[in-house]
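Peer 1: Here you go, one structure.
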2 protein chains.
Amino acid sequence: MPNVSNMADMTFEARLAAHGARVESRLGALLGRADGGAGVPERLAGAVRYGALGGGKRFRPFLVMESAALFGLPPERAETTAAALECIHCYSLIHDDLPAMDDDALRRGKPTVHVAFDEATAILAGCALLTRAFEALAVEERHADPAVRLELISALARAAGWAGMLGGQALDLAAEKDDAARMMHADIARLQDMKTGALIRFACEAGAILAGEPATSERRAALRRYGTALGRAFQLSDDLLDAEGDAARTGKATGKDAARGKATFVAVLGVDGARRRLDELEAEALAALAPFGAAAAPLAEAARFLTRRRH
Amino acid sequence: MPNVSNMADMTFEARLAAHGARVESRLGALLGRADGGAGVPERLAGAVRYGALGGGKRFRPFLVMESAALFGLPPERAETTAAALECIHCYSLIHDDLPAMDDDALRRGKPTVHVAFDEATAILAGCALLTRAFEALAVEERHADPAVRLELISALARAAGWAGMLGGQALDLAAEKDDAARMMHADIARLQDMKTGALIRFACEAGAILAGEPATSERRAALRRYGTALGRAFQLSDDLLDAEGDAARTGKATGKDAARGKATFVAVLGVDGARRRLDELEAEALAALAPFGAAAAPLAEAARFLTRRRH
């Protein structure tokens, strides 16, 4: 695994891959047999691992490790927080795919968890990942200061909870039932800031929390601003992929948002308008990074990546 | 609300009701609009409150507060832990009732959450309660020592997680699919120790954790033994109620275990054998309380309550 000293010259893609490999290894341990997984029923453990290991770009873990690096923290100090966050992201994907939610059969090119196992097991596996995330943060001994661990737990719970990700998913389901076409700009923004924005904002702020920066710190506020713009860019680029992409490249069914009448900015602004908005969000994200100077180059690259990604 | 000084002369039922009122009030605040509930979508917030407020005996919170009292802690020092545990208990009920799980339409005499709202909202509401429980423990300022809060979080996560309650539910579902009648005594015991036992054991140990007793403490081990016996008695008395009770008194459909071929000790031992086993478990629970002397009278009453309860 590359260490931090020889990562300075790596491209964005190489850094994303290096952090991804590190978090994959930490996830494997957290969700493995030895480290708390003894005595777990085979089928449930299998579904948890199927839903969390060996897939995804690990974009949120990248943000945790790179925001930590801004404060001089090496990746190993941030990897448990990154893995816990990824557990929560994977749980949200498992539950979003359920028949009662988006009813998706394909995710990252594989059958979704409720298809590969069954619906009840998928519900339990999601909740197991959510629970394991908090346990991992509570027992992480590399965060020597217990107050840091508690702040990570409360911030992650707020981001994932009913005023964050879960609330956003509830709004999303309500929008599909109602007439999404009538949703106002502000309603869509609120939905997305909660559903996908909250976890991404947490990822960007996590480095500052790990470094013990107080809630009032200017650098922490800058990372929140960056995270807010990045989260919006992430959702918009995702919606553009759905509108323009094809299933072979994205590993999931596309064109589904329009078919469902889902509330997205692509539907409101059109593809060209959405692309222009994405450029604005990239500029906002880069501006927020200014206080960090050249050290923030990897996070700046992440913002550019979202603007140009095609899968 | 009665305070601790005039609670000494109260009957078990009156103490249960007094602790219940206290935890109801704490739950109301944790799940209310002011304390973190601002900005939560109306329907989701409604489902969370419907599923968690105004019902249930609050037996687990009683155990938290009474185990804390053994170490001289007043109820207000234990009430957030009690409320967090009850959030997790209520989440498990909401999810257990789902169509993909036990598919129950009635709970505590009311339509279940997925019937009163919808399936997706019930899944989200359960996860919101789980997440809120960890957030409440992380920010609870009345536990001055951050290490105590972290230990509560990790112990509760283990009890609720894939090697505890969630794992037990997975085993229970597997038992229904397979031939439950062929389940061995040891398999049923493992299932029940995980599905209902883990949270009750946590409730009994929580007082010792709140008091800062080390994991190696003899009194803490005694509470774990008490909690293990009590958890088994709780499940057995529940299964007996299902076999013997009627819906009007229990507030839920009865006789369903047998109809489903569910693995219970009543099926294995018969009703009379199960009643004898319940007496043994009561004796085990009472023996574990010996180190605490007369101070443990309320917890002893709780064990007797399970043996004689008819609803």
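Ordering of the structure tokens sets the chain letters (A, B, ...), residue numbers begin anew at 1 in every chain, and ligands are numbered from 1 in the order given.
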What's around Val48 (chain B) at 8 Å? Count only C-alpha atoms, leave out sequence neighbours fewer than 5 positions away in its own chain, and write the answer as a PyMOL selection string.

Peer 2: chain B and resi 31+125-126+128-129

Peer 1: Take the residues just selected and output them with N, CA and C atoms as a PDB file, in the first residue's frame.

Peer 2:
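Saved to selection02.pdb:
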```
ATOM      1  N   LEU B  31     -37.426  12.809  20.336  1.00  0.00           N
ATOM      2  CA  LEU B  31     -38.098  12.585  19.057  1.00  0.00           C
ATOM      3  C   LEU B  31     -39.020  13.739  18.704  1.00  0.00           C
ATOM      4  N   ALA B 125     -38.306   4.811   9.249  1.00  0.00           N
ATOM      5  CA  ALA B 125     -38.571   5.208  10.642  1.00  0.00           C
ATOM      6  C   ALA B 125     -37.774   4.334  11.604  1.00  0.00           C
ATOM      7  N   GLY B 126     -37.703   3.038  11.326  1.00  0.00           N
ATOM      8  CA  GLY B 126     -36.908   2.147  12.166  1.00  0.00           C
ATOM      9  C   GLY B 126     -35.446   2.566  12.175  1.00  0.00           C
ATOM     10  N   ALA B 128     -34.253   5.453  11.487  1.00  0.00           N
ATOM     11  CA  ALA B 128     -34.121   6.773  12.127  1.00  0.00           C
ATOM     12  C   ALA B 128     -34.028   6.615  13.647  1.00  0.00           C
ATOM     13  N   LEU B 129     -34.823   5.712  14.212  1.00  0.00           N
ATOM     14  CA  LEU B 129     -34.771   5.464  15.658  1.00  0.00           C
ATOM     15  C   LEU B 129     -33.414   4.879  16.059  1.00  0.00           C
TER      16      LEU B 129
END
```

Peer 1: Could you do a least-squares fit of chain B on chain A over every C-alpha atom, in sequence order, and give the output as a tab-separated table (two decimals) with C-alpha atoms, in the first residue's frame?

Peer 2:
```
chain	number	residue	atom	x	y	z
B	1	MET	CA	-0.07	-0.03	-0.10
B	2	PRO	CA	1.52	3.32	-1.04
B	3	ASN	CA	2.37	5.52	1.93
B	4	VAL	CA	1.69	9.20	2.20
B	5	SER	CA	5.19	10.35	1.26
B	6	ASN	CA	5.15	8.85	-2.21
B	7	MET	CA	1.49	9.76	-2.81
B	8	ALA	CA	2.25	13.43	-3.46
B	9	ASP	CA	3.07	12.84	-7.13
B	10	MET	CA	0.15	10.53	-7.82
B	11	THR	CA	-2.71	11.38	-10.17
B	12	PHE	CA	-6.22	11.79	-8.76
B	13	GLU	CA	-7.24	8.38	-10.08
B	14	ALA	CA	-4.21	6.72	-8.51
B	15	ARG	CA	-4.88	8.40	-5.14
B	16	LEU	CA	-8.53	7.37	-5.31
B	17	ALA	CA	-7.44	3.79	-5.98
B	18	ALA	CA	-4.81	3.84	-3.19
B	19	HIS	CA	-7.26	5.17	-0.58
B	20	GLY	CA	-9.86	2.74	-1.91
B	21	ALA	CA	-7.52	-0.23	-1.36
B	22	ARG	CA	-6.81	0.94	2.17
B	23	VAL	CA	-10.47	1.34	3.09
B	24	GLU	CA	-11.33	-1.98	1.43
B	25	SER	CA	-8.84	-3.67	3.72
B	26	ARG	CA	-10.23	-1.90	6.81
B	27	LEU	CA	-13.81	-2.77	5.78
B	28	GLY	CA	-12.75	-6.39	5.28
B	29	ALA	CA	-11.48	-6.49	8.86
B	30	LEU	CA	-14.52	-4.70	10.33
B	31	LEU	CA	-16.91	-7.00	8.49
B	32	GLY	CA	-14.80	-10.15	8.76
B	33	ARG	CA	-15.07	-13.14	11.01
B	34	ALA	CA	-12.30	-12.34	13.46
B	35	ASP	CA	-13.12	-8.78	14.46
B	36	GLY	CA	-16.60	-9.01	15.99
B	37	GLY	CA	-18.02	-11.21	13.24
B	38	ALA	CA	-17.78	-14.46	15.22
B	39	GLY	CA	-21.17	-15.98	15.91
B	40	VAL	CA	-22.90	-13.96	13.19
B	41	PRO	CA	-25.36	-16.07	11.20
B	42	GLU	CA	-23.77	-17.10	7.89
B	43	ARG	CA	-26.46	-15.77	5.58
B	44	LEU	CA	-26.61	-12.36	7.26
B	45	ALA	CA	-22.82	-12.04	7.30
B	46	GLY	CA	-22.73	-13.03	3.63
B	47	ALA	CA	-25.28	-10.36	2.70
B	48	VAL	CA	-23.41	-7.68	4.66
B	49	ARG	CA	-20.13	-8.51	2.91
B	50	TYR	CA	-21.81	-8.80	-0.49
B	51	GLY	CA	-23.35	-5.36	-0.04
B	52	ALA	CA	-20.24	-3.61	1.29
B	53	LEU	CA	-17.09	-5.24	-0.07
B	54	GLY	CA	-15.49	-5.25	-3.49
B	55	GLY	CA	-17.43	-2.52	-5.24
B	56	GLY	CA	-17.78	1.20	-5.60
B	57	LYS	CA	-15.29	4.00	-6.12
B	58	ARG	CA	-14.99	4.66	-2.36
B	59	PHE	CA	-15.36	8.34	-3.08
B	60	ARG	CA	-16.51	9.29	0.43
B	61	PRO	CA	-13.56	7.51	2.11
B	62	PHE	CA	-11.25	9.39	-0.28
B	63	LEU	CA	-12.75	12.67	0.99
B	64	VAL	CA	-12.25	11.66	4.63
B	65	MET	CA	-8.62	10.73	4.09
B	66	GLU	CA	-7.80	13.77	1.97
B	67	SER	CA	-9.48	16.21	4.38
B	68	ALA	CA	-7.52	14.58	7.21
B	69	ALA	CA	-4.30	14.99	5.19
B	70	LEU	CA	-4.90	18.77	5.13
B	71	PHE	CA	-4.28	18.69	8.89
B	72	GLY	CA	-1.22	16.46	8.62
B	73	LEU	CA	-3.02	13.24	9.58
B	74	PRO	CA	-1.80	10.13	7.73
B	75	PRO	CA	-4.39	7.83	6.07
B	76	GLU	CA	-4.20	5.21	8.83
B	77	ARG	CA	-5.52	7.74	11.34
B	78	ALA	CA	-8.57	8.36	9.13
B	79	GLU	CA	-9.26	4.90	7.71
B	80	THR	CA	-11.72	3.71	10.40
B	81	THR	CA	-13.80	6.86	10.05
B	82	ALA	CA	-13.67	6.38	6.27
B	83	ALA	CA	-14.73	2.75	6.59
B	84	ALA	CA	-17.54	3.57	9.03
B	85	LEU	CA	-18.87	6.20	6.64
B	86	GLU	CA	-18.69	3.73	3.75
B	87	CYS	CA	-20.66	1.18	5.84
B	88	ILE	CA	-23.41	3.77	6.15
B	89	HIS	CA	-23.26	4.61	2.46
B	90	CYS	CA	-23.52	0.90	1.53
B	91	TYR	CA	-26.43	0.40	3.96
B	92	SER	CA	-28.26	3.26	2.26
B	93	LEU	CA	-27.74	1.66	-1.15
B	94	ILE	CA	-29.02	-1.74	0.05
B	95	HIS	CA	-32.16	-0.14	1.49
B	96	ASP	CA	-32.72	2.26	-1.43
B	97	ASP	CA	-32.76	-0.73	-3.80
B	98	LEU	CA	-35.49	-2.56	-1.81
B	99	PRO	CA	-38.84	-3.32	-3.50
B	100	ALA	CA	-40.58	-0.89	-1.12
B	101	MET	CA	-38.12	1.88	-2.15
B	102	ASP	CA	-36.63	2.18	-5.65
B	103	ASP	CA	-37.06	-1.53	-6.47
B	104	ASP	CA	-33.75	-1.91	-8.32
B	105	ALA	CA	-32.42	-5.30	-9.40
B	106	LEU	CA	-28.95	-4.15	-10.48
B	107	ARG	CA	-26.22	-2.27	-8.57
B	108	ARG	CA	-22.57	-1.90	-9.59
B	109	GLY	CA	-23.24	-4.50	-12.30
B	110	LYS	CA	-24.38	-7.16	-9.81
B	111	PRO	CA	-27.81	-8.28	-8.55
B	112	THR	CA	-28.86	-6.10	-5.61
B	113	VAL	CA	-28.75	-7.61	-2.10
B	114	HIS	CA	-32.47	-8.41	-1.86
B	115	VAL	CA	-32.25	-10.16	-5.25
B	116	ALA	CA	-29.08	-12.13	-4.44
B	117	PHE	CA	-30.39	-12.99	-0.94
B	118	ASP	CA	-33.94	-12.00	0.07
B	119	GLU	CA	-35.80	-8.92	1.21
B	120	ALA	CA	-35.71	-9.59	4.96
B	121	THR	CA	-31.98	-10.35	4.84
B	122	ALA	CA	-31.37	-7.13	2.89
B	123	ILE	CA	-33.20	-5.05	5.50
B	124	LEU	CA	-31.23	-6.71	8.32
B	125	ALA	CA	-27.91	-6.40	6.46
B	126	GLY	CA	-28.43	-2.67	5.97
B	127	CYS	CA	-29.19	-2.17	9.66
B	128	ALA	CA	-26.18	-4.32	10.60
B	129	LEU	CA	-23.89	-2.04	8.57
B	130	LEU	CA	-25.41	1.06	10.20
B	131	THR	CA	-24.92	-0.38	13.68
B	132	ARG	CA	-21.38	-1.62	12.95
B	133	ALA	CA	-20.38	1.87	11.79
B	134	PHE	CA	-21.12	3.39	15.20
B	135	GLU	CA	-19.48	0.49	17.01
B	136	ALA	CA	-16.31	0.91	14.93
B	137	LEU	CA	-16.08	4.61	15.78
B	138	ALA	CA	-16.77	4.00	19.48
B	139	VAL	CA	-13.93	1.50	19.89
B	140	GLU	CA	-11.35	3.05	17.53
B	141	GLU	CA	-8.27	3.35	19.73
B	142	ARG	CA	-6.26	5.33	17.20
B	143	HIS	CA	-8.41	8.36	18.04
B	144	ALA	CA	-6.80	8.80	21.44
B	145	ASP	CA	-9.13	11.58	22.50
B	146	PRO	CA	-12.57	10.12	23.43
B	147	ALA	CA	-14.14	13.52	22.71
B	148	VAL	CA	-13.06	13.21	19.06
B	149	ARG	CA	-14.72	9.80	18.78
B	150	LEU	CA	-17.93	11.16	20.32
B	151	GLU	CA	-17.96	14.11	17.94
B	152	LEU	CA	-17.48	11.80	14.95
B	153	ILE	CA	-20.37	9.63	16.16
B	154	SER	CA	-22.76	12.51	16.74
B	155	ALA	CA	-21.85	14.26	13.45
B	156	LEU	CA	-22.22	11.03	11.48
B	157	ALA	CA	-25.53	10.23	13.20
B	158	ARG	CA	-26.88	13.67	12.33
B	159	ALA	CA	-25.73	13.31	8.72
B	160	ALA	CA	-27.25	9.83	8.36
B	161	GLY	CA	-30.38	10.41	10.43
B	162	TRP	CA	-33.90	11.73	10.01
B	163	ALA	CA	-32.75	15.33	9.49
B	164	GLY	CA	-30.10	14.13	6.99
B	165	MET	CA	-29.88	11.17	4.64
B	166	LEU	CA	-32.95	9.29	5.92
B	167	GLY	CA	-35.05	12.45	5.75
B	168	GLY	CA	-33.85	13.05	2.18
B	169	GLN	CA	-34.87	9.54	1.17
B	170	ALA	CA	-38.33	10.13	2.71
B	171	LEU	CA	-38.66	13.37	0.69
B	172	ASP	CA	-37.52	11.54	-2.46
B	173	LEU	CA	-40.18	8.87	-2.06
B	174	ALA	CA	-42.83	11.50	-1.38
B	175	ALA	CA	-41.76	13.41	-4.52
B	176	GLU	CA	-42.25	10.30	-6.67
B	177	LYS	CA	-45.73	9.79	-5.29
B	178	ASP	CA	-46.74	13.40	-5.72
B	179	ASP	CA	-46.18	15.31	-8.91
B	180	ALA	CA	-42.41	15.68	-9.05
B	181	ALA	CA	-42.72	18.03	-12.04
B	182	ARG	CA	-44.33	20.60	-9.76
B	183	MET	CA	-41.45	20.53	-7.27
B	184	MET	CA	-39.79	23.88	-6.83
B	185	HIS	CA	-36.08	24.50	-7.18
B	186	ALA	CA	-35.78	24.99	-3.42
B	187	ASP	CA	-37.55	21.70	-2.67
B	188	ILE	CA	-35.20	19.72	-4.92
B	189	ALA	CA	-32.18	21.45	-3.38
B	190	ARG	CA	-33.40	20.59	0.15
B	191	LEU	CA	-34.04	16.97	-0.84
B	192	GLN	CA	-30.60	16.52	-2.39
B	193	ASP	CA	-28.72	18.39	0.36
B	194	MET	CA	-30.22	15.86	2.78
B	195	LYS	CA	-30.22	12.65	0.74
B	196	THR	CA	-26.71	12.73	-0.75
B	197	GLY	CA	-25.30	16.02	0.54
B	198	ALA	CA	-25.25	15.26	4.27
B	199	LEU	CA	-22.88	12.27	4.08
B	200	ILE	CA	-20.53	14.00	1.62
B	201	ARG	CA	-20.43	17.11	3.82
B	202	PHE	CA	-19.63	14.88	6.80
B	203	ALA	CA	-16.83	13.21	4.80
B	204	CYS	CA	-15.23	16.59	4.06
B	205	GLU	CA	-15.58	17.87	7.63
B	206	ALA	CA	-14.38	14.59	9.18
B	207	GLY	CA	-10.71	15.44	8.65
B	208	ALA	CA	-11.13	18.60	10.71
B	209	ILE	CA	-12.98	16.70	13.46
B	210	LEU	CA	-10.25	14.04	13.51
B	211	ALA	CA	-7.66	16.79	13.86
B	212	GLY	CA	-9.52	18.23	16.85
B	213	GLU	CA	-10.44	21.50	15.09
B	214	PRO	CA	-13.20	23.24	17.10
B	215	ALA	CA	-16.66	23.63	15.53
B	216	THR	CA	-16.03	27.37	15.19
B	217	SER	CA	-12.75	26.98	13.25
B	218	GLU	CA	-12.54	28.84	9.92
B	219	ARG	CA	-10.83	25.91	8.22
B	220	ARG	CA	-13.58	23.58	9.38
B	221	ALA	CA	-16.21	25.98	8.00
B	222	ALA	CA	-14.31	26.07	4.69
B	223	LEU	CA	-14.46	22.28	4.46
B	224	ARG	CA	-18.21	22.40	5.17
B	225	ARG	CA	-18.64	24.89	2.30
B	226	TYR	CA	-16.53	22.70	0.03
B	227	GLY	CA	-18.53	19.63	1.07
B	228	THR	CA	-21.85	21.37	0.39
B	229	ALA	CA	-20.83	22.38	-3.15
B	230	LEU	CA	-19.24	19.00	-3.82
B	231	GLY	CA	-22.34	17.15	-2.63
B	232	ARG	CA	-24.52	19.16	-4.99
B	233	ALA	CA	-22.08	18.57	-7.86
B	234	PHE	CA	-22.05	14.86	-7.06
B	235	GLN	CA	-25.84	14.58	-7.22
B	236	LEU	CA	-26.07	16.66	-10.38
B	237	SER	CA	-23.39	14.64	-12.17
B	238	ASP	CA	-25.19	11.47	-11.07
B	239	ASP	CA	-28.47	12.74	-12.49
B	240	LEU	CA	-26.70	13.71	-15.74
B	241	LEU	CA	-25.24	10.21	-16.00
B	242	ASP	CA	-28.73	8.80	-15.59
B	243	ALA	CA	-30.06	11.07	-18.32
B	244	GLU	CA	-27.14	10.60	-20.72
B	245	GLY	CA	-25.31	7.46	-19.66
B	246	ASP	CA	-25.76	3.86	-20.58
B	247	ALA	CA	-26.08	0.86	-18.29
B	248	ALA	CA	-22.90	-0.83	-19.50
B	249	ARG	CA	-20.74	2.05	-18.33
B	250	THR	CA	-22.55	2.98	-15.10
B	251	GLY	CA	-23.23	-0.59	-13.96
B	252	LYS	CA	-26.84	0.20	-13.21
B	253	ALA	CA	-30.02	0.83	-15.14
B	254	THR	CA	-30.21	4.36	-16.62
B	255	GLY	CA	-33.00	6.66	-17.74
B	256	LYS	CA	-34.99	5.55	-14.73
B	257	ASP	CA	-35.31	9.00	-13.17
B	258	ALA	CA	-37.25	10.35	-16.14
B	259	ALA	CA	-39.36	7.18	-16.39
B	260	ARG	CA	-40.32	7.59	-12.73
B	261	GLY	CA	-40.84	11.33	-13.00
B	262	LYS	CA	-38.18	11.75	-10.33
B	263	ALA	CA	-37.41	15.29	-9.17
B	264	THR	CA	-33.95	16.23	-10.51
B	265	PHE	CA	-32.29	19.43	-11.67
B	266	VAL	CA	-31.75	17.82	-15.08
B	267	ALA	CA	-35.54	17.70	-15.46
B	268	VAL	CA	-35.83	21.34	-14.33
B	269	LEU	CA	-32.79	22.87	-16.09
B	270	GLY	CA	-32.38	20.57	-19.07
B	271	VAL	CA	-29.07	18.83	-19.85
B	272	ASP	CA	-27.25	21.98	-21.01
B	273	GLY	CA	-28.49	24.03	-18.06
B	274	ALA	CA	-27.44	21.25	-15.71
B	275	ARG	CA	-23.93	21.18	-17.24
B	276	ARG	CA	-23.61	24.95	-16.69
B	277	ARG	CA	-24.79	24.56	-13.08
B	278	LEU	CA	-22.20	21.82	-12.58
B	279	ASP	CA	-19.46	24.24	-13.71
B	280	GLU	CA	-20.70	26.80	-11.16
B	281	LEU	CA	-20.65	24.22	-8.38
B	282	GLU	CA	-17.11	23.21	-9.32
B	283	ALA	CA	-16.07	26.85	-9.02
B	284	GLU	CA	-17.77	27.14	-5.60
B	285	ALA	CA	-15.99	24.02	-4.38
B	286	LEU	CA	-12.60	25.27	-5.58
B	287	ALA	CA	-13.15	28.71	-4.00
B	288	ALA	CA	-13.89	27.09	-0.64
B	289	LEU	CA	-10.52	25.32	-0.75
B	290	ALA	CA	-8.54	28.59	-1.14
B	291	PRO	CA	-7.46	28.78	2.55
B	292	PHE	CA	-5.59	25.49	2.19
B	293	GLY	CA	-3.49	26.49	-0.84
B	294	ALA	CA	-1.65	23.84	-2.85
B	295	ALA	CA	-2.18	21.21	-0.14
B	296	ALA	CA	-5.80	20.94	-1.26
B	297	ALA	CA	-4.91	19.86	-4.81
B	298	PRO	CA	-6.35	16.33	-4.39
B	299	LEU	CA	-9.69	17.72	-3.14
B	300	ALA	CA	-9.72	20.23	-6.02
B	301	GLU	CA	-9.17	17.32	-8.40
B	302	ALA	CA	-12.14	15.55	-6.85
B	303	ALA	CA	-14.38	18.50	-7.75
B	304	ARG	CA	-13.04	18.51	-11.33
B	305	PHE	CA	-13.56	14.75	-11.53
B	306	LEU	CA	-17.30	15.13	-10.85
B	307	THR	CA	-17.65	17.73	-13.61
B	308	ARG	CA	-16.00	15.57	-16.24
B	309	ARG	CA	-16.99	12.03	-15.18
B	310	ARG	CA	-18.86	9.89	-17.65
B	311	HIS	CA	-19.37	6.76	-15.51
```
